[in-house]
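Asker: My questions all concern the structure below.
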Amino acid sequence: MQSSLDAEVIASTTRGSFVEGMPFPEVVRRLSAVGVERYYTDLVRAEKTFYGSNAESHREPFLGDWSSRPAATFDPHAISDALRRIQRGEIDYPRFLECITAAGCAFYTVHLEGRKTIYTGRHGESYVELFPPTK
C-alpha cells in the first residue's frame, strides 16, 4: 500500500537514532506527530517498518553495516540491562541493537499510543517494557 506517512520525518528519526544519538522520547514525539502508530524493527532483515492508523506503512533500512544475528537463547535480563544502559547514555543505539540481538531478540515492536515495546525472540519468547513516565 502507498504510504501517506511523512517519509522524510521517518528517515530523519532513523538517521537521528543511528548517527546523531537522538533520544527515544524525541523519536516517539516526532513519529507520533506524523501519524505513526507503531513500528516493527526486524533485527534479521535490518529494517524498520512504520505503520499509521489507516493501514499505511513505510519501510526504512538500518544505517551502516549490520551482520548480527539473534542468539538462539532469549535472555530478558540482558535486554533489560541494555535498555537501562541506553537510557543512562552509556551506549548508543547501534550498540543497543547489538546487545539485544546477542540477548536473543529477533524483532521488537514499539506501540507509541500504548506506550510499550515488546521484544521477541526467535521462538516466541517476549519481554515487555513500558515507556518511562513523562516528566
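Going by the C-alpha cells order, chains are called A, B, ..., each with residues numbered from 1, while ligands are numbered from 1 in the order shown.
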Give me the residues within 12 Å of Leu112 (chain A) as a list in words, counting only C-alpha atoms and dropping any in the same chain fewer than 3 places off.
Answerer: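 Here the answer would be Phe24, Pro25, Glu26, Val27, Val28, Arg29, Arg30, Leu31, Ser32, Ala33, Val34, Gly35, Val36, Glu37, Arg38, Tyr39, Tyr40, Phe50, Tyr51, Gly52, Ser53, Thr109, Arg115, Lys116, Thr117, Ile118, Leu130 and Phe131 of chain A.
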Asker: How would the residues just picked look written out with N, CA, C and O atoms as a short mmCIF file (atom, residue, chain, number, x, y, z; two decimals), in the first residue's frame?
Answerer:
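What follows is the written file selection_35.cif:
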data_model
loop_
_atom_site.label_atom_id
_atom_site.label_comp_id
_atom_site.auth_asym_id
_atom_site.auth_seq_id
_atom_site.Cartn_x
_atom_site.Cartn_y
_atom_site.Cartn_z
N PHE A 24 15.25 8.38 22.60
CA PHE A 24 14.00 7.70 22.30
C PHE A 24 12.77 8.58 22.50
O PHE A 24 11.88 8.58 21.63
N PRO A 25 12.65 9.36 23.58
CA PRO A 25 11.45 10.21 23.73
C PRO A 25 11.27 11.19 22.56
O PRO A 25 10.14 11.46 22.15
N GLU A 26 12.38 11.67 22.00
CA GLU A 26 12.29 12.57 20.85
C GLU A 26 11.85 11.81 19.60
O GLU A 26 11.06 12.32 18.79
N VAL A 27 12.34 10.59 19.43
CA VAL A 27 11.91 9.75 18.31
C VAL A 27 10.39 9.53 18.40
O VAL A 27 9.67 9.71 17.41
N VAL A 28 9.91 9.18 19.57
CA VAL A 28 8.48 8.95 19.78
C VAL A 28 7.69 10.21 19.47
O VAL A 28 6.66 10.17 18.77
N ARG A 29 8.15 11.35 19.95
CA ARG A 29 7.45 12.61 19.72
C ARG A 29 7.33 12.91 18.23
O ARG A 29 6.25 13.23 17.72
N ARG A 30 8.44 12.79 17.51
CA ARG A 30 8.44 13.10 16.08
C ARG A 30 7.59 12.13 15.27
O ARG A 30 6.87 12.53 14.36
N LEU A 31 7.70 10.85 15.58
CA LEU A 31 6.91 9.87 14.84
C LEU A 31 5.42 10.02 15.12
O LEU A 31 4.60 9.93 14.20
N SER A 32 5.07 10.26 16.37
CA SER A 32 3.66 10.47 16.72
C SER A 32 3.09 11.67 15.98
O SER A 32 1.94 11.65 15.52
N ALA A 33 3.90 12.72 15.84
CA ALA A 33 3.44 13.95 15.20
C ALA A 33 3.10 13.76 13.72
O ALA A 33 2.31 14.53 13.17
N VAL A 34 3.67 12.73 13.08
CA VAL A 34 3.37 12.49 11.66
C VAL A 34 2.47 11.28 11.46
O VAL A 34 2.35 10.76 10.35
N GLY A 35 1.83 10.83 12.54
CA GLY A 35 0.81 9.79 12.41
C GLY A 35 1.28 8.35 12.52
O GLY A 35 0.51 7.43 12.23
N VAL A 36 2.52 8.13 12.95
CA VAL A 36 2.97 6.76 13.15
C VAL A 36 2.31 6.22 14.42
O VAL A 36 2.35 6.85 15.47
N GLU A 37 1.69 5.07 14.29
CA GLU A 37 1.01 4.42 15.41
C GLU A 37 1.92 3.41 16.11
O GLU A 37 1.90 3.27 17.32
N ARG A 38 2.72 2.72 15.29
CA ARG A 38 3.63 1.70 15.82
C ARG A 38 4.71 1.45 14.77
O ARG A 38 4.56 1.81 13.61
N TYR A 39 5.81 0.85 15.23
CA TYR A 39 6.81 0.40 14.26
C TYR A 39 7.41 -0.91 14.70
O TYR A 39 7.45 -1.26 15.88
N TYR A 40 7.84 -1.67 13.69
CA TYR A 40 8.37 -3.01 13.84
C TYR A 40 9.83 -2.98 13.40
O TYR A 40 10.13 -2.56 12.29
N PHE A 50 7.22 1.16 9.61
CA PHE A 50 6.40 2.10 10.37
C PHE A 50 4.97 2.02 9.87
O PHE A 50 4.73 1.98 8.66
N TYR A 51 4.01 2.01 10.80
CA TYR A 51 2.60 1.87 10.45
C TYR A 51 1.80 3.05 10.97
O TYR A 51 1.97 3.48 12.10
N GLY A 52 0.89 3.53 10.13
CA GLY A 52 -0.05 4.57 10.53
C GLY A 52 -1.38 3.95 10.88
O GLY A 52 -1.61 2.75 10.71
N SER A 53 -2.29 4.76 11.37
CA SER A 53 -3.59 4.25 11.81
C SER A 53 -4.51 3.85 10.66
O SER A 53 -5.48 3.14 10.87
N THR A 109 8.57 -4.54 18.61
CA THR A 109 7.51 -3.67 18.15
C THR A 109 7.30 -2.57 19.18
O THR A 109 7.11 -2.85 20.37
N ARG A 115 2.30 3.00 24.59
CA ARG A 115 3.46 3.32 25.41
C ARG A 115 4.20 2.09 25.94
O ARG A 115 4.52 1.98 27.10
N LYS A 116 4.46 1.17 24.99
CA LYS A 116 5.24 -0.01 25.37
C LYS A 116 5.96 -0.58 24.17
O LYS A 116 5.60 -0.32 23.02
N THR A 117 7.00 -1.35 24.47
CA THR A 117 7.77 -2.06 23.45
C THR A 117 7.78 -3.53 23.83
O THR A 117 7.98 -3.88 24.99
N ILE A 118 7.57 -4.37 22.82
CA ILE A 118 7.58 -5.82 23.03
C ILE A 118 8.77 -6.39 22.26
O ILE A 118 8.84 -6.28 21.04
N LEU A 130 7.47 -1.08 29.45
CA LEU A 130 6.61 0.10 29.38
C LEU A 130 7.48 1.34 29.25
O LEU A 130 8.59 1.39 29.80
N PHE A 131 7.00 2.35 28.53
CA PHE A 131 7.76 3.59 28.41
C PHE A 131 7.90 4.20 29.80
O PHE A 131 6.98 4.13 30.60
#
Asker: List the spatial neighbours of Glu125 (chain A) as a PyMOL selection string - criterion: any atom at most 12 Å away, only C-alpha atoms, same-chain residues fewer than 4 positions off excluded.
Answerer: chain A and resi 72-76+103-108+118-121
Asker: Taking into account only C-alpha atoms, which residue in the set A:His123, A:His77, A:Arg15, A:Arg69 is nearest to Leu97 (chain A)?
Answerer: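 Ranked by minimum distance to Leu97 (chain A), first place goes to A:Arg69.
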Asker: Quick one: DSSP helix (DSSP H, G or I) residues in chain A, as an MDAnalysis selection string?
Answerer: chainID A and resid 7:20 24:33 76:87 93:102
Asker: Quick one: of A:Cys99, A:Gly16, A:Pro133, A:Met22, who's nearest to Pro70 (chain A), counting only C-alpha atoms?
Answerer: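 Smallest distance to Pro70 (chain A) is found for A:Cys99.
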Asker: Measuring atom to atom with only C-alpha atoms, identify which of A:Glu90, A:Glu20, A:Asp6, A:Glu98 is nearest to Ala46 (chain A).
Answerer: A:Glu98
Asker: I'd like to know which of A:Gly89, A:Pro23, A:Pro132, A:Pro94 is closest to Phe62 (chain A), using only C-alpha atoms.
Answerer: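 Of all the options, A:Pro94 lies closest to Phe62 (chain A).
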Asker: Please report the interatomic distance between CA of Arg59 (chain A) and CA of Asp92 (chain A) in Å with one decimal.
Answerer: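 Atom-to-atom, CA of Arg59 (chain A) and CA of Asp92 (chain A) are spaced 22.0 Å apart.
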Asker: Using only C-alpha atoms, which of A:Ser126, A:Thr101, A:Ser80, A:Thr14 sits nearest Thr49 (chain A)?
Answerer: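 Ranking A:Ser126, A:Thr101, A:Ser80, A:Thr14 by distance to Thr49 (chain A), first place goes to A:Thr14.
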Asker: Would you give me, as a VMD selection string, the residues in region 1-134 of chain A that DSSP reads as strand (DSSP E)?
Answerer: chain A and resid 36 to 42 47 to 52 57 to 61 105 to 111 116 to 121 126 to 130
Asker: Out of A:Val110, A:Phe96, A:Ala11, A:Leu43, which residue has the shortest atom-to-atom distance to Ile79 (chain A) when counting only C-alpha atoms?
Answerer: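 Closest candidate: A:Phe96.
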